[in-house]
Amino acid sequence: MDRLEAMSIVLAVADAGSLSAAARRLNTPPATASRK
């Protein structure tokens, strides 16, 4: 995982308010997003 991808996930979680919502926005399964 590169740092830019990890930062985009963190920002998406902060913006969306939850990991699941961020994963939906990023078109990523929640399990994948939580591992990163």
# chains A, B, ... in the order shown; residues from 1 in each chain; ligands from 1
call {"tool": "residues_around", "arguments": {"residues": "Arg24 of chain A", "least_positions_apart": "5", "cutoff": "12 Å", "atoms": "only C-alpha atoms", "output": "PyMOL selection string"}}
result
chain A and resi 9+12-13+16-19+29-33
call {"tool": "residues_around", "arguments": {"residues": "Val10 of chain A", "least_positions_apart": "5", "cutoff": "9 Å", "atoms": "only C-alpha atoms", "output": "list in words"}}
result
Glu5, Asp15, Leu19 and Ala22 of chain A
call {"tool": "select_by_dssp", "arguments": {"residues": "chain A", "states": "alpha helix (DSSP H)", "output": "ChimeraX atom specification"}}
result
/A:3-16,19-25,30-35
call {"tool": "write_last_selection", "arguments": {"atoms": "N, CA and C atoms", "output": "PDB file, in the first residue's frame"}}
result
ATOM      1  N   ARG A   3       1.484   5.387   0.408  1.00  0.00           N
ATOM      2  CA  ARG A   3       1.016   6.398   1.366  1.00  0.00           C
ATOM      3  C   ARG A   3      -0.119   7.243   0.810  1.00  0.00           C
ATOM      4  N   LEU A   4      -0.063   7.542  -0.484  1.00  0.00           N
ATOM      5  CA  LEU A   4      -1.107   8.365  -1.088  1.00  0.00           C
ATOM      6  C   LEU A   4      -2.459   7.661  -1.029  1.00  0.00           C
ATOM      7  N   GLU A   5      -2.456   6.364  -1.290  1.00  0.00           N
ATOM      8  CA  GLU A   5      -3.698   5.589  -1.212  1.00  0.00           C
ATOM      9  C   GLU A   5      -4.227   5.549   0.223  1.00  0.00           C
ATOM     10  N   ALA A   6      -3.347   5.356   1.174  1.00  0.00           N
ATOM     11  CA  ALA A   6      -3.756   5.327   2.578  1.00  0.00           C
ATOM     12  C   ALA A   6      -4.312   6.676   3.011  1.00  0.00           C
ATOM     13  N   MET A   7      -3.680   7.753   2.571  1.00  0.00           N
ATOM     14  CA  MET A   7      -4.164   9.094   2.918  1.00  0.00           C
ATOM     15  C   MET A   7      -5.532   9.354   2.307  1.00  0.00           C
ATOM     16  N   SER A   8      -5.755   8.886   1.079  1.00  0.00           N
ATOM     17  CA  SER A   8      -7.055   9.107   0.448  1.00  0.00           C
ATOM     18  C   SER A   8      -8.148   8.356   1.189  1.00  0.00           C
ATOM     19  N   ILE A   9      -7.835   7.178   1.720  1.00  0.00           N
ATOM     20  CA  ILE A   9      -8.819   6.421   2.497  1.00  0.00           C
ATOM     21  C   ILE A   9      -9.115   7.141   3.804  1.00  0.00           C
ATOM     22  N   VAL A  10      -8.089   7.634   4.476  1.00  0.00           N
ATOM     23  CA  VAL A  10      -8.289   8.360   5.737  1.00  0.00           C
ATOM     24  C   VAL A  10      -9.138   9.600   5.505  1.00  0.00           C
ATOM     25  N   LEU A  11      -8.852  10.340   4.454  1.00  0.00           N
ATOM     26  CA  LEU A  11      -9.632  11.540   4.147  1.00  0.00           C
ATOM     27  C   LEU A  11     -11.073  11.194   3.792  1.00  0.00           C
ATOM     28  N   ALA A  12     -11.268  10.105   3.053  1.00  0.00           N
ATOM     29  CA  ALA A  12     -12.623   9.690   2.693  1.00  0.00           C
ATOM     30  C   ALA A  12     -13.408   9.279   3.930  1.00  0.00           C
ATOM     31  N   VAL A  13     -12.772   8.599   4.868  1.00  0.00           N
ATOM     32  CA  VAL A  13     -13.442   8.207   6.111  1.00  0.00           C
ATOM     33  C   VAL A  13     -13.821   9.447   6.913  1.00  0.00           C
ATOM     34  N   ALA A  14     -12.916  10.401   6.997  1.00  0.00           N
ATOM     35  CA  ALA A  14     -13.209  11.633   7.733  1.00  0.00           C
ATOM     36  C   ALA A  14     -14.355  12.394   7.079  1.00  0.00           C
ATOM     37  N   ASP A  15     -14.373  12.426   5.770  1.00  0.00           N
ATOM     38  CA  ASP A  15     -15.406  13.155   5.043  1.00  0.00           C
ATOM     39  C   ASP A  15     -16.752  12.438   5.098  1.00  0.00           C
ATOM     40  N   ALA A  16     -16.736  11.109   4.948  1.00  0.00           N
ATOM     41  CA  ALA A  16     -17.975  10.336   4.894  1.00  0.00           C
ATOM     42  C   ALA A  16     -18.533  10.030   6.280  1.00  0.00           C
ATOM     43  N   LEU A  19     -16.283   4.140   7.869  1.00  0.00           N
ATOM     44  CA  LEU A  19     -15.459   3.352   6.965  1.00  0.00           C
ATOM     45  C   LEU A  19     -16.291   2.768   5.833  1.00  0.00           C
ATOM     46  N   SER A  20     -17.493   2.304   6.144  1.00  0.00           N
ATOM     47  CA  SER A  20     -18.353   1.713   5.117  1.00  0.00           C
ATOM     48  C   SER A  20     -18.739   2.729   4.055  1.00  0.00           C
ATOM     49  N   ALA A  21     -19.099   3.928   4.486  1.00  0.00           N
ATOM     50  CA  ALA A  21     -19.470   4.976   3.528  1.00  0.00           C
ATOM     51  C   ALA A  21     -18.270   5.378   2.677  1.00  0.00           C
ATOM     52  N   ALA A  22     -17.108   5.453   3.288  1.00  0.00           N
ATOM     53  CA  ALA A  22     -15.903   5.794   2.536  1.00  0.00           C
ATOM     54  C   ALA A  22     -15.584   4.721   1.507  1.00  0.00           C
ATOM     55  N   ALA A  23     -15.726   3.466   1.881  1.00  0.00           N
ATOM     56  CA  ALA A  23     -15.467   2.374   0.947  1.00  0.00           C
ATOM     57  C   ALA A  23     -16.423   2.439  -0.238  1.00  0.00           C
ATOM     58  N   ARG A  24     -17.687   2.765   0.025  1.00  0.00           N
ATOM     59  CA  ARG A  24     -18.643   2.912  -1.080  1.00  0.00           C
ATOM     60  C   ARG A  24     -18.221   4.040  -2.013  1.00  0.00           C
ATOM     61  N   ARG A  25     -17.798   5.148  -1.453  1.00  0.00           N
ATOM     62  CA  ARG A  25     -17.357   6.289  -2.272  1.00  0.00           C
ATOM     63  C   ARG A  25     -16.139   5.948  -3.117  1.00  0.00           C
ATOM     64  N   PRO A  30     -15.359  -2.810   1.962  1.00  0.00           N
ATOM     65  CA  PRO A  30     -14.986  -2.315   3.294  1.00  0.00           C
ATOM     66  C   PRO A  30     -13.807  -3.066   3.918  1.00  0.00           C
ATOM     67  N   ALA A  31     -13.725  -4.358   3.692  1.00  0.00           N
ATOM     68  CA  ALA A  31     -12.614  -5.129   4.260  1.00  0.00           C
ATOM     69  C   ALA A  31     -11.279  -4.673   3.682  1.00  0.00           C
ATOM     70  N   THR A  32     -11.254  -4.371   2.414  1.00  0.00           N
ATOM     71  CA  THR A  32     -10.026  -3.889   1.781  1.00  0.00           C
ATOM     72  C   THR A  32      -9.640  -2.523   2.318  1.00  0.00           C
ATOM     73  N   ALA A  33     -10.619  -1.649   2.456  1.00  0.00           N
ATOM     74  CA  ALA A  33     -10.341  -0.305   2.966  1.00  0.00           C
ATOM     75  C   ALA A  33      -9.853  -0.355   4.411  1.00  0.00           C
ATOM     76  N   SER A  34     -10.410  -1.254   5.212  1.00  0.00           N
ATOM     77  CA  SER A  34     -10.006  -1.314   6.620  1.00  0.00           C
ATOM     78  C   SER A  34      -8.594  -1.871   6.773  1.00  0.00           C
ATOM     79  N   ARG A  35      -8.159  -2.723   5.869  1.00  0.00           N
ATOM     80  CA  ARG A  35      -6.804  -3.265   5.929  1.00  0.00           C
ATOM     81  C   ARG A  35      -5.760  -2.215   5.585  1.00  0.00           C
TER      82      ARG A  35
END
call {"tool": "decode", "arguments": {"residues": "segment 11-33 of chain A", "atoms": "N, CA and C atoms", "output": "compact mmCIF listing (two decimals), in the first residue's frame"}}
result
# COMPACT_ATOMS: atom_id res chain seq x y z
N LEU A 11 -8.85 10.34 4.45
CA LEU A 11 -9.63 11.54 4.15
C LEU A 11 -11.07 11.19 3.79
N ALA A 12 -11.27 10.10 3.05
CA ALA A 12 -12.62 9.69 2.69
C ALA A 12 -13.41 9.28 3.93
N VAL A 13 -12.77 8.60 4.87
CA VAL A 13 -13.44 8.21 6.11
C VAL A 13 -13.82 9.45 6.91
N ALA A 14 -12.92 10.40 7.00
CA ALA A 14 -13.21 11.63 7.73
C ALA A 14 -14.36 12.39 7.08
N ASP A 15 -14.37 12.43 5.77
CA ASP A 15 -15.41 13.16 5.04
C ASP A 15 -16.75 12.44 5.10
N ALA A 16 -16.74 11.11 4.95
CA ALA A 16 -17.97 10.34 4.89
C ALA A 16 -18.53 10.03 6.28
N GLY A 17 -17.68 10.00 7.28
CA GLY A 17 -18.13 9.74 8.64
C GLY A 17 -18.08 8.29 9.07
N SER A 18 -17.82 7.39 8.14
CA SER A 18 -17.69 5.98 8.51
C SER A 18 -16.84 5.26 7.47
N LEU A 19 -16.28 4.14 7.87
CA LEU A 19 -15.46 3.35 6.96
C LEU A 19 -16.29 2.77 5.83
N SER A 20 -17.49 2.30 6.14
CA SER A 20 -18.35 1.71 5.12
C SER A 20 -18.74 2.73 4.05
N ALA A 21 -19.10 3.93 4.49
CA ALA A 21 -19.47 4.98 3.53
C ALA A 21 -18.27 5.38 2.68
N ALA A 22 -17.11 5.45 3.29
CA ALA A 22 -15.90 5.79 2.54
C ALA A 22 -15.58 4.72 1.51
N ALA A 23 -15.73 3.47 1.88
CA ALA A 23 -15.47 2.37 0.95
C ALA A 23 -16.42 2.44 -0.24
N ARG A 24 -17.69 2.77 0.03
CA ARG A 24 -18.64 2.91 -1.08
C ARG A 24 -18.22 4.04 -2.01
N ARG A 25 -17.80 5.15 -1.45
CA ARG A 25 -17.36 6.29 -2.27
C ARG A 25 -16.14 5.95 -3.12
N LEU A 26 -15.26 5.13 -2.56
CA LEU A 26 -14.03 4.77 -3.26
C LEU A 26 -14.18 3.51 -4.12
N ASN A 27 -15.40 2.95 -4.15
CA ASN A 27 -15.66 1.71 -4.90
C ASN A 27 -14.70 0.60 -4.48
N THR A 28 -14.56 0.46 -3.17
CA THR A 28 -13.67 -0.53 -2.57
C THR A 28 -14.45 -1.32 -1.53
N PRO A 29 -14.25 -2.63 -1.45
CA PRO A 29 -14.90 -3.38 -0.38
C PRO A 29 -14.45 -2.87 0.98
N PRO A 30 -15.36 -2.81 1.96
CA PRO A 30 -14.99 -2.32 3.29
C PRO A 30 -13.81 -3.07 3.92
N ALA A 31 -13.72 -4.36 3.69
CA ALA A 31 -12.61 -5.13 4.26
C ALA A 31 -11.28 -4.67 3.68
N THR A 32 -11.25 -4.37 2.41
CA THR A 32 -10.03 -3.89 1.78
C THR A 32 -9.64 -2.52 2.32
N ALA A 33 -10.62 -1.65 2.46
CA ALA A 33 -10.34 -0.31 2.97
C ALA A 33 -9.85 -0.36 4.41
